[in-house]
There are 2 protein chains.
Amino acid sequence: MNREIPYKIYLEENEMPRQWYNVRADMKNKPAPILNPATLKPITVEELSPIFCTELAKQELDETTPYFDIPQEILDFYRMYRPAPLVRAYCLEKKLGTPAHIYYKFEGNNTSGSHKLNSAIAQAYYAKQQGLKGVTTETGAGQWGTALSMACSYFDLDCQVYMVKVSYEQKPFRREVMRTYGANVTPSPSMNTNIGRKINAEFPGTTGSLGCAISEAVEAATTQEGYRYVLGSVLSQVLVHQTVIGLETKTALDKYGIKADTIIGCAGGGSNLGGLISPFAGEMLRGEANYDIIAVEPASCPSLTRGRYAYDFCDTGKICPLAKMYTLGSGFIPSANHAGGLRYHGMSSIVSQLYDDGIISARSVEQTEVFKAAQYFARVEGILPAPESSHAIKVAIDEALKCKETGEAKNIVFGLTGTGYFDMYAYQKYNDGEMSDYIPTDAEIEKSLANLPRI
Amino acid sequence: MNREIPYKIYLEENEMPRQWYNVRADMKNKPAPILNPATLKPITVEELSPIFCTELAKQELDETTPYFDIPQEILDFYRMYRPAPLVRAYCLEKKLGTPAHIYYKFEGNNTSGSHKLNSAIAQAYYAKQQGLKGVTTETGAGQWGTALSMACSYFDLDCQVYMVKVSYEQKPFRREVMRTYGANVTPSPSMNTNIGRKINAEFPGTTGSLGCAISEAVEAATTQEGYRYVLGSVLSQVLVHQTVIGLETKTALDKYGIKADTIIGCAGGGSNLGGLISPFAGEMLRGEANYDIIAVEPASCPSLTRGRYAYDFCDTGKICPLAKMYTLGSGFIPSANHAGGLRYHGMSSIVSQLYDDGIISARSVEQTEVFKAAQYFARVEGILPAPESSHAIKVAIDEALKCKETGEAKNIVFGLTGTGYFDMYAYQKYNDGEMSDYIPTDAEIEKSLANLPRI
């Protein structure tokens, strides 16, 4: 083992990023503008402001400013759980017998258990700065809701979380973490909102969906004085906040003179992936370096690898702005056996454009293979990974095994976005041999895409 | 805020301890010898060897060697999840408005969620070195079983965990983490062992106890070729392994020129507390320094503050060696409303002797106060603590508030042994206002102590 590179690279506090990076500034082909659903014209900060905090609306639409200063209060909070370590996976390399050097950026060492906190604290901060009383959001599996609860608790903001009913009932522990942080957690569809009451009337006994929870959260934000809606992925503002991941990674690699060859991240809405890869993609866009960047998505929800690059609704309720993105259609829902997150029908408009321009590639993997990789990694590297993160692990192992065949000592870097402590139902299924795969047919995807808006 | 001391002090790899410290070498009054239950004479390494790995039996009885080298394989494993950060609780200080400086050593950043892994990996290593096939153990809440499963998986050892039946059923997620690491988890009492069958016959439908699970694990170890029994606390060997906590803490404090005034740890079996305080207690024993060391225990299981210093059985089955310790009697079981760990009837013989000699003091706290402190800490410092660890938080806050009254800028250091992600049932009770306290009466304790062995 090369003792010169430690098992874990922790940056010093003064090496931590003080700005987020906005990769759009370096993109020649900008992401297509998001559209006002009422006018189908590019939306303005003013039009976004009833839903989003004004500062966040500005960040959402800013395609030219390359760096945003991170406010001091957010830097202070980051210092409580960051820097995240860049880990050299010595044990994994040895077990695989690969000449490759494997590194992973581990974002799971905080109570929310994932990278989501990086944007939650930023969004809560701007809400507080604007003098708001609170924020509303939706959560599915619960990572985002947990992160936002923590952030709101820190700034004494009210936090209203609409949690998909089936998760609310099946994941009582996630719910209790949020309650411990003082959040109001409501199973969705609820009787609190018009849309919730309507859906409950139309579909009695429904266990809810992410799309419905989004619609309830947006309605709750726009009908209460002093509230705004916040979202944990997909949006460009979120991706920008998540660049703290990639910036720390790049600084750590540079500090030890390591040049990454392959960079791998899991992709759901795209914000963690975009945050990890932004600084590297920026170098490629500026012609300064080249990397093999791979987005990994579930075969059961393959927006990049099998979706269409088109304008679509961001929510099933069709009340949010429209974005041009790789999408499976806003009505697409992964099959019931899909475990964990990465279930959004579309992909961040920034990631979509980078993919369309060939800056990044994409690969889809089946979930039994993902859990196999997760268990292998847990046993060798001692961290029980989130199902989402394990998509990246699967491909990192595949790439390391290719190096074993070719003898190449590539530097493989992947994002380990979080831990799986609240995903033990899924692990239990895997442990019991009861996990299965489902790949949507072409006909199913075509059917869902037939409902794209005609723009 | 004083920017010179970072939020988190991470040692460099080359600053990490390469030896464990055996505080017994510096104790003038040694802990009383542990006794063979058959002969009531001090037990020998040979007599311990059928139950424990030989090298661990040696560590158990060694009162004179001040330092044990940490084998390289264990150092390598430690580097995967250590050093643990020493965190300056800037946010907590600010929220409390105290002039005190508060530091905590956080041991929760690994998948077992606690400090238990520090000893689990050592015990698994020595078992592997001895050429054993596997180890057996018991687990209550599941932290120890999880840690041991991880350690055994790393060394390809079979791991048989007897899990108290009520926990097995109520904590399925802990069980699944162990299974993910390849452990065999059996609800106790089981039909695998004589003692299990006997208890099941005598008490049909029993949900088990830690004492019964210990007896089953010991029987399983001694009746299978190539197996030994391992234990996660109480024993001196475990306390010695846990000194990695205190040694890292001391190095980190020294690095920044910080002199601790008060050192606080939670106390169940005493190994984490002993591991944290050993290097500091050693300085006191050698007359080099003075500290205010406080052991915090639950009011519902108050072995130090209300127990008797006497020889007692270490297990309810009375098959393990006897130890002189502060004890409530081996039949003592905390009331049913007690949540989390810290439920052992006795205290590490090393900690007991240090307490008897006045090197450390002890304090007991009620669990509703503990959860109040836990929630407060979670919201301010962003870490959801284990119920056990929160005993230390409660007293650290109390001490910091005293400093607020007196105006003293004391340096308060406490051990944050783990996270509460698998304790959300208890948090839910607290969140719902359904948590209660129970302090055993003098009569109850006297009744339990009446059954102490006459030695």
# chains A, B, ... in the order shown; residues from 1 in each chain; ligands from 1
call {"tool": "residues_around", "arguments": {"residues": "Ile397 in chain A", "least_positions_apart": "3", "cutoff": "9 Å", "atoms": "only C-alpha atoms", "output": "list in words"}}
result
Leu92, Leu96, Ile102, Ala373, Ala392, Ile393, Lys394, Ala400, Leu401 and Lys402 of chain A
call {"tool": "closest_atom_pairs", "arguments": {"of": "chain B", "to": "chain A", "cutoff": "9 Å", "atoms": "only C-alpha atoms", "output": "Markdown table"}}
result
| residue | atom | partner | partner_atom | distance |
| --- | --- | --- | --- | --- |
| B:Pro6 | CA | A:Glu13 | CA | 6.8 |
| B:Tyr7 | CA | A:Arg79 | CA | 6.1 |
| B:Lys8 | CA | A:Met80 | CA | 7.4 |
| B:Tyr10 | CA | A:Tyr10 | CA | 7.8 |
| B:Glu12 | CA | A:Pro6 | CA | 8.5 |
| B:Glu13 | CA | A:Pro6 | CA | 6.8 |
| B:Asp76 | CA | A:Tyr7 | CA | 8.7 |
| B:Phe77 | CA | A:Cys91 | CA | 8.8 |
| B:Arg79 | CA | A:Tyr7 | CA | 6.0 |
| B:Met80 | CA | A:Tyr7 | CA | 6.2 |
| B:Tyr81 | CA | A:Gly382 | CA | 7.9 |
| B:Arg82 | CA | A:Lys8 | CA | 8.8 |
| B:Val87 | CA | A:Met80 | CA | 8.2 |
| B:Arg88 | CA | A:Met80 | CA | 8.9 |
| B:Ala89 | CA | A:Met80 | CA | 8.5 |
| B:Tyr90 | CA | A:Met80 | CA | 8.8 |
| B:Cys91 | CA | A:Met80 | CA | 8.6 |
| B:Gly108 | CA | A:Asn109 | CA | 8.8 |
| B:Asn109 | CA | A:Asn109 | CA | 6.0 |
| B:Asn110 | CA | A:Ile383 | CA | 6.6 |
| B:Thr111 | CA | A:Ile383 | CA | 5.4 |
| B:Ser112 | CA | A:Gly382 | CA | 8.8 |
| B:Met150 | CA | A:Arg379 | CA | 6.6 |
| B:Ala151 | CA | A:Gly382 | CA | 8.6 |
| B:Ser153 | CA | A:Arg379 | CA | 5.9 |
| B:Tyr154 | CA | A:Val380 | CA | 6.2 |
| B:Pro172 | CA | A:Met424 | CA | 8.3 |
| B:Phe173 | CA | A:Met424 | CA | 5.5 |
| B:Arg174 | CA | A:Met424 | CA | 8.4 |
| B:Glu176 | CA | A:Gln428 | CA | 5.8 |
| B:Val177 | CA | A:Met424 | CA | 7.2 |
| B:Arg179 | CA | A:Asn431 | CA | 7.1 |
| B:Thr180 | CA | A:Gln375 | CA | 6.3 |
| B:Tyr181 | CA | A:Arg379 | CA | 5.9 |
| B:Gly182 | CA | A:Arg379 | CA | 8.5 |
| B:Gln375 | CA | A:Thr180 | CA | 6.3 |
| B:Tyr376 | CA | A:Tyr181 | CA | 8.9 |
| B:Ala378 | CA | A:Tyr181 | CA | 7.3 |
| B:Arg379 | CA | A:Tyr181 | CA | 5.9 |
| B:Val380 | CA | A:Tyr154 | CA | 6.2 |
| B:Glu381 | CA | A:Met80 | CA | 7.1 |
| B:Gly382 | CA | A:Thr111 | CA | 6.6 |
| B:Ile383 | CA | A:Thr111 | CA | 5.4 |
| B:Leu384 | CA | A:Thr111 | CA | 6.0 |
| B:Thr419 | CA | A:Thr111 | CA | 8.3 |
| B:Tyr421 | CA | A:Tyr421 | CA | 7.2 |
| B:Phe422 | CA | A:Tyr421 | CA | 7.9 |
| B:Asp423 | CA | A:Phe173 | CA | 8.5 |
| B:Met424 | CA | A:Phe173 | CA | 5.5 |
| B:Tyr425 | CA | A:Phe173 | CA | 7.4 |
| B:Tyr427 | CA | A:Glu176 | CA | 7.0 |
| B:Gln428 | CA | A:Glu176 | CA | 5.8 |
| B:Tyr430 | CA | A:Thr180 | CA | 8.8 |
| B:Asn431 | CA | A:Thr180 | CA | 6.6 |
call {"tool": "select_by_dssp", "arguments": {"residues": "range 46-194 of chain B", "states": "alpha helix (DSSP H)", "output": "PyMOL selection string"}}
result
chain B and resi 46-48+54-61+72-81+90-96+117-129+143-154+165-170+172-180+194
call {"tool": "select_by_dssp", "arguments": {"residues": "range 237-406 of chain A", "states": "strand (DSSP E)", "output": "MDAnalysis selection string"}}
result
chainID A and resid 262:266 292:298 308:313 322:327 361:365
call {"tool": "residues_around", "arguments": {"residues": "Thr305 in chain B", "least_positions_apart": "2", "cutoff": "10 Å", "atoms": "only C-alpha atoms", "output": "list in words"}}
result
Ala295, Val296, Glu297, Pro298, Ala299, Cys301, Pro302, Ser303, Gly307, Arg308, Tyr326, Thr327, Tyr355, Ser361, Ala362, Arg363 and Ser364 of chain B
call {"tool": "write_last_selection", "arguments": {"atoms": "all heavy atoms", "output": "CSV table (one decimal), in the first residue's frame"}}
result
chain,number,residue,atom,x,y,z
B,295,ALA,N,-18.3,10.1,35.8
B,295,ALA,CA,-19.0,9.0,35.1
B,295,ALA,C,-20.5,9.2,35.3
B,295,ALA,O,-20.9,9.6,36.4
B,295,ALA,CB,-18.6,7.7,35.8
B,296,VAL,N,-21.2,9.1,34.2
B,296,VAL,CA,-22.7,9.4,34.2
B,296,VAL,C,-23.4,8.1,33.9
B,296,VAL,O,-23.2,7.4,32.9
B,296,VAL,CB,-23.1,10.5,33.2
B,296,VAL,CG1,-24.5,10.9,33.5
B,296,VAL,CG2,-22.1,11.7,33.3
B,297,GLU,N,-24.3,7.7,34.8
B,297,GLU,CA,-25.1,6.5,34.7
B,297,GLU,C,-26.5,6.8,34.8
B,297,GLU,O,-26.9,7.8,35.3
B,297,GLU,CB,-24.6,5.5,35.7
B,297,GLU,CG,-24.8,5.9,37.1
B,297,GLU,CD,-24.2,4.9,38.1
B,297,GLU,OE1,-23.5,4.0,37.7
B,297,GLU,OE2,-24.5,5.0,39.3
B,298,PRO,N,-27.4,5.9,34.3
B,298,PRO,CA,-28.8,6.1,34.4
B,298,PRO,C,-29.3,5.9,35.8
B,298,PRO,O,-28.8,5.0,36.5
B,298,PRO,CB,-29.4,5.0,33.5
B,298,PRO,CG,-28.3,4.2,32.9
B,298,PRO,CD,-27.1,4.6,33.6
B,299,ALA,N,-30.2,6.8,36.2
B,299,ALA,CA,-30.8,6.6,37.6
B,299,ALA,C,-31.5,5.3,37.7
B,299,ALA,O,-31.7,4.8,38.9
B,299,ALA,CB,-31.7,7.8,37.9
B,301,CYS,N,-30.4,2.5,36.6
B,301,CYS,CA,-29.4,1.4,36.7
B,301,CYS,C,-28.1,1.9,37.4
B,301,CYS,O,-27.1,2.0,36.7
B,301,CYS,CB,-29.2,0.8,35.4
B,301,CYS,SG,-28.3,-0.8,35.4
B,302,PRO,N,-28.2,2.3,38.6
B,302,PRO,CA,-27.1,3.2,39.2
B,302,PRO,C,-26.0,2.3,40.0
B,302,PRO,O,-25.9,2.4,41.2
B,302,PRO,CB,-27.9,4.0,40.2
B,302,PRO,CG,-29.0,3.1,40.7
B,302,PRO,CD,-29.3,2.2,39.5
B,303,SER,N,-25.2,1.6,39.2
B,303,SER,CA,-24.3,0.7,39.9
B,303,SER,C,-23.2,1.5,40.7
B,303,SER,O,-22.9,1.1,41.8
B,303,SER,CB,-23.6,-0.2,38.8
B,303,SER,OG,-23.0,0.5,37.8
B,307,GLY,N,-24.7,1.2,44.0
B,307,GLY,CA,-24.4,-0.2,44.2
B,307,GLY,C,-23.4,-0.5,45.3
B,307,GLY,O,-23.0,0.4,46.0
B,308,ARG,N,-23.0,-1.7,45.4
B,308,ARG,CA,-22.0,-2.1,46.5
B,308,ARG,C,-20.7,-2.6,45.8
B,308,ARG,O,-20.8,-3.2,44.7
B,308,ARG,CB,-22.6,-3.2,47.3
B,308,ARG,CG,-21.8,-3.6,48.6
B,308,ARG,CD,-22.5,-4.6,49.4
B,308,ARG,NE,-23.8,-4.2,49.8
B,308,ARG,CZ,-24.7,-5.0,50.3
B,308,ARG,NH1,-24.5,-6.3,50.4
B,308,ARG,NH2,-25.9,-4.5,50.7
B,326,TYR,N,-18.4,-2.5,41.4
B,326,TYR,CA,-19.7,-1.8,41.9
B,326,TYR,C,-20.8,-2.5,41.2
B,326,TYR,O,-20.8,-2.6,40.0
B,326,TYR,CB,-19.6,-0.3,41.6
B,326,TYR,CG,-18.9,0.4,42.7
B,326,TYR,CD1,-17.5,0.5,42.7
B,326,TYR,CD2,-19.6,0.9,43.9
B,326,TYR,CE1,-16.8,1.2,43.7
B,326,TYR,CE2,-18.9,1.5,44.9
B,326,TYR,CZ,-17.5,1.7,44.8
B,326,TYR,OH,-16.9,2.3,45.8
B,327,THR,N,-21.7,-3.1,42.0
B,327,THR,CA,-22.7,-3.9,41.4
B,327,THR,C,-24.1,-3.7,42.1
B,327,THR,O,-24.1,-3.3,43.3
B,327,THR,CB,-22.4,-5.4,41.5
B,327,THR,OG1,-23.4,-6.2,40.9
B,327,THR,CG2,-22.1,-5.8,42.9
B,355,TYR,N,-12.9,4.6,40.9
B,355,TYR,CA,-14.0,5.3,41.5
B,355,TYR,C,-13.8,5.1,43.1
B,355,TYR,O,-13.9,6.1,43.8
B,355,TYR,CB,-15.3,4.7,41.1
B,355,TYR,CG,-16.6,5.3,41.8
B,355,TYR,CD1,-16.9,6.6,41.7
B,355,TYR,CD2,-17.4,4.5,42.5
B,355,TYR,CE1,-18.0,7.2,42.3
B,355,TYR,CE2,-18.5,5.0,43.1
B,355,TYR,CZ,-18.8,6.3,43.0
B,355,TYR,OH,-20.0,6.8,43.6
B,361,SER,N,-15.5,10.6,39.8
B,361,SER,CA,-16.7,10.7,40.6
B,361,SER,C,-17.8,10.2,39.7
B,361,SER,O,-17.6,9.8,38.5
B,361,SER,CB,-17.0,12.2,40.9
B,361,SER,OG,-17.1,13.0,39.7
B,362,ALA,N,-19.0,10.1,40.2
B,362,ALA,CA,-20.1,9.5,39.4
B,362,ALA,C,-21.4,10.3,39.7
B,362,ALA,O,-21.5,10.9,40.8
B,362,ALA,CB,-20.3,8.1,39.8
B,363,ARG,N,-22.3,10.3,38.8
B,363,ARG,CA,-23.5,11.0,38.9
B,363,ARG,C,-24.6,10.2,38.1
B,363,ARG,O,-24.3,9.6,37.1
B,363,ARG,CB,-23.4,12.4,38.2
B,363,ARG,CG,-24.2,13.5,38.7
B,363,ARG,CD,-23.8,14.8,38.1
B,363,ARG,NE,-22.5,15.4,38.5
B,363,ARG,CZ,-22.1,16.6,38.1
B,363,ARG,NH1,-22.7,17.2,37.1
B,363,ARG,NH2,-20.9,17.0,38.5
B,364,SER,N,-25.8,10.2,38.6
B,364,SER,CA,-26.9,9.5,37.9
B,364,SER,C,-27.9,10.5,37.4
B,364,SER,O,-28.2,11.5,38.0
B,364,SER,CB,-27.5,8.4,38.8
B,364,SER,OG,-28.4,9.0,39.7
call {"tool": "residues_around", "arguments": {"residues": "range 48-52 of chain B", "least_positions_apart": "6", "cutoff": "7 Å", "atoms": "only C-alpha atoms", "output": "VMD selection string"}}
result
chain B and resid 221 to 222 228 to 230
call {"tool": "residues_around", "arguments": {"residues": "Gln123 in chain B", "least_positions_apart": "2", "cutoff": "9 Å", "atoms": "only C-alpha atoms", "output": "number ranges by chain"}}
result
B: 53, 56, 119-121, 125-128, 148, 151, 230-231, 238
call {"tool": "write_last_selection", "arguments": {"atoms": "all heavy atoms", "output": "short mmCIF file (atom, residue, chain, number, x, y, z; two decimals), in the first residue's frame"}}
result
data_model
loop_
_atom_site.label_atom_id
_atom_site.label_comp_id
_atom_site.auth_asym_id
_atom_site.auth_seq_id
_atom_site.Cartn_x
_atom_site.Cartn_y
_atom_site.Cartn_z
N CYS B 53 -10.06 -16.10 23.58
CA CYS B 53 -8.81 -16.24 22.83
C CYS B 53 -7.64 -16.05 23.80
O CYS B 53 -7.71 -15.20 24.70
CB CYS B 53 -8.70 -15.16 21.75
SG CYS B 53 -10.04 -15.18 20.60
N LEU B 56 -6.19 -12.58 24.26
CA LEU B 56 -7.13 -11.70 24.99
C LEU B 56 -7.16 -12.07 26.47
O LEU B 56 -7.28 -11.19 27.33
CB LEU B 56 -8.52 -11.79 24.37
CG LEU B 56 -8.63 -11.19 22.96
CD1 LEU B 56 -9.94 -11.62 22.28
CD2 LEU B 56 -8.54 -9.67 23.02
N SER B 119 -13.01 -2.28 19.85
CA SER B 119 -12.64 -3.54 20.49
C SER B 119 -13.04 -4.74 19.64
O SER B 119 -12.35 -5.75 19.63
CB SER B 119 -13.27 -3.64 21.88
OG SER B 119 -12.85 -4.84 22.52
N ALA B 120 -14.13 -4.62 18.90
CA ALA B 120 -14.59 -5.74 18.07
C ALA B 120 -13.51 -6.15 17.08
O ALA B 120 -13.23 -7.34 16.91
CB ALA B 120 -15.87 -5.35 17.32
N ILE B 121 -12.88 -5.17 16.45
CA ILE B 121 -11.87 -5.51 15.44
C ILE B 121 -10.65 -6.14 16.12
O ILE B 121 -10.02 -7.04 15.54
CB ILE B 121 -11.48 -4.27 14.58
CG1 ILE B 121 -10.68 -4.70 13.36
CG2 ILE B 121 -10.73 -3.22 15.38
CD1 ILE B 121 -11.44 -5.60 12.39
N TYR B 125 -9.48 -9.94 15.39
CA TYR B 125 -8.11 -10.14 14.92
C TYR B 125 -7.41 -11.26 15.70
O TYR B 125 -6.82 -12.17 15.11
CB TYR B 125 -7.31 -8.84 15.05
CG TYR B 125 -5.83 -9.04 14.86
CD1 TYR B 125 -5.28 -9.15 13.59
CD2 TYR B 125 -4.98 -9.16 15.97
CE1 TYR B 125 -3.93 -9.36 13.41
CE2 TYR B 125 -3.62 -9.37 15.80
CZ TYR B 125 -3.10 -9.47 14.53
OH TYR B 125 -1.76 -9.69 14.35
N TYR B 126 -7.51 -11.21 17.03
CA TYR B 126 -6.82 -12.23 17.83
C TYR B 126 -7.45 -13.61 17.62
O TYR B 126 -6.77 -14.63 17.67
CB TYR B 126 -6.80 -11.84 19.31
CG TYR B 126 -5.91 -10.65 19.59
CD1 TYR B 126 -6.43 -9.44 20.07
CD2 TYR B 126 -4.53 -10.72 19.36
CE1 TYR B 126 -5.61 -8.35 20.31
CE2 TYR B 126 -3.70 -9.63 19.60
CZ TYR B 126 -4.26 -8.45 20.08
OH TYR B 126 -3.43 -7.37 20.31
N ALA B 127 -8.75 -13.64 17.38
CA ALA B 127 -9.40 -14.92 17.07
C ALA B 127 -8.86 -15.49 15.77
O ALA B 127 -8.57 -16.69 15.66
CB ALA B 127 -10.92 -14.73 17.00
N LYS B 128 -8.73 -14.62 14.78
CA LYS B 128 -8.20 -15.05 13.48
C LYS B 128 -6.76 -15.54 13.63
O LYS B 128 -6.38 -16.58 13.08
CB LYS B 128 -8.27 -13.88 12.50
CG LYS B 128 -7.93 -14.24 11.07
CD LYS B 128 -9.03 -15.08 10.45
CE LYS B 128 -8.74 -15.44 9.00
NZ LYS B 128 -9.81 -16.26 8.43
N LEU B 148 -19.30 -6.33 15.96
CA LEU B 148 -18.61 -7.61 15.84
C LEU B 148 -18.85 -8.23 14.47
O LEU B 148 -17.94 -8.83 13.87
CB LEU B 148 -19.06 -8.57 16.95
CG LEU B 148 -18.22 -9.84 17.03
CD1 LEU B 148 -16.80 -9.53 17.50
CD2 LEU B 148 -18.87 -10.86 17.97
N ALA B 151 -16.49 -6.62 12.08
CA ALA B 151 -15.10 -7.05 12.31
C ALA B 151 -14.89 -8.47 11.79
O ALA B 151 -13.88 -8.76 11.14
CB ALA B 151 -14.78 -6.95 13.80
N VAL B 230 -16.74 -13.79 22.85
CA VAL B 230 -16.22 -12.43 22.96
C VAL B 230 -17.31 -11.52 23.54
O VAL B 230 -18.50 -11.81 23.42
CB VAL B 230 -15.74 -11.87 21.59
CG1 VAL B 230 -14.59 -12.71 21.03
CG2 VAL B 230 -16.88 -11.82 20.59
N LEU B 231 -16.86 -10.44 24.16
CA LEU B 231 -17.77 -9.58 24.93
C LEU B 231 -17.43 -8.12 24.64
O LEU B 231 -16.27 -7.79 24.43
CB LEU B 231 -17.58 -9.91 26.42
CG LEU B 231 -18.49 -9.23 27.44
CD1 LEU B 231 -19.93 -9.64 27.24
CD2 LEU B 231 -18.06 -9.61 28.86
N VAL B 238 -11.33 -5.12 26.99
CA VAL B 238 -12.16 -4.23 26.17
C VAL B 238 -11.82 -2.77 26.51
O VAL B 238 -11.65 -1.93 25.62
CB VAL B 238 -13.66 -4.50 26.39
CG1 VAL B 238 -14.51 -3.58 25.52
CG2 VAL B 238 -13.99 -5.96 26.10
#
call {"tool": "closest_residue", "arguments": {"among": "B:Ala252, B:Cys314, B:Leu235, B:Ala124", "to": "Cys212 in chain B", "atoms": "only C-alpha atoms"}}
result
B:Cys314
call {"tool": "closest_residue", "arguments": {"among": "B:Ala57, B:Leu157, B:Ala396, B:Val218", "to": "Phe377 in chain B", "atoms": "only C-alpha atoms"}}
result
B:Ala396
call {"tool": "closest_residue", "arguments": {"among": "B:Val161, B:Leu35, B:Leu304, B:Leu75", "to": "Ile214 in chain B", "atoms": "only C-alpha atoms"}}
result
B:Val161
call {"tool": "residues_around", "arguments": {"residues": "Glu388 in chain B", "least_positions_apart": "3", "cutoff": "7 Å", "atoms": "only C-alpha atoms", "output": "list in words"}}
result
Cys266, Gly340, Gly341, Leu342 and His391 of chain B
call {"tool": "closest_residue", "arguments": {"among": "B:Ile258, B:Val413, B:Ile263, B:Ala217", "to": "Gly317 in chain B", "atoms": "only C-alpha atoms"}}
result
B:Ala217
call {"tool": "closest_residue", "arguments": {"among": "B:Val234, B:Leu276, B:Ile333, B:Ile294", "to": "Gly208 in chain B", "atoms": "only C-alpha atoms"}}
result
B:Ile333
call {"tool": "residues_around", "arguments": {"residues": "Leu273 in chain B", "least_positions_apart": "2", "cutoff": "12 Å", "atoms": "only C-alpha atoms", "output": "ChimeraX atom specification"}}
result
/B:105,115-116,233-234,236,238-246,263-271,275-281,293-297,342,347-348,350-352,354-355,360-362,388-389,391-392,414-417
call {"tool": "closest_residue", "arguments": {"among": "A:Glu369, A:Met178, A:Val23, A:Lys165", "to": "Met284 in chain A", "atoms": "only C-alpha atoms"}}
result
A:Val23
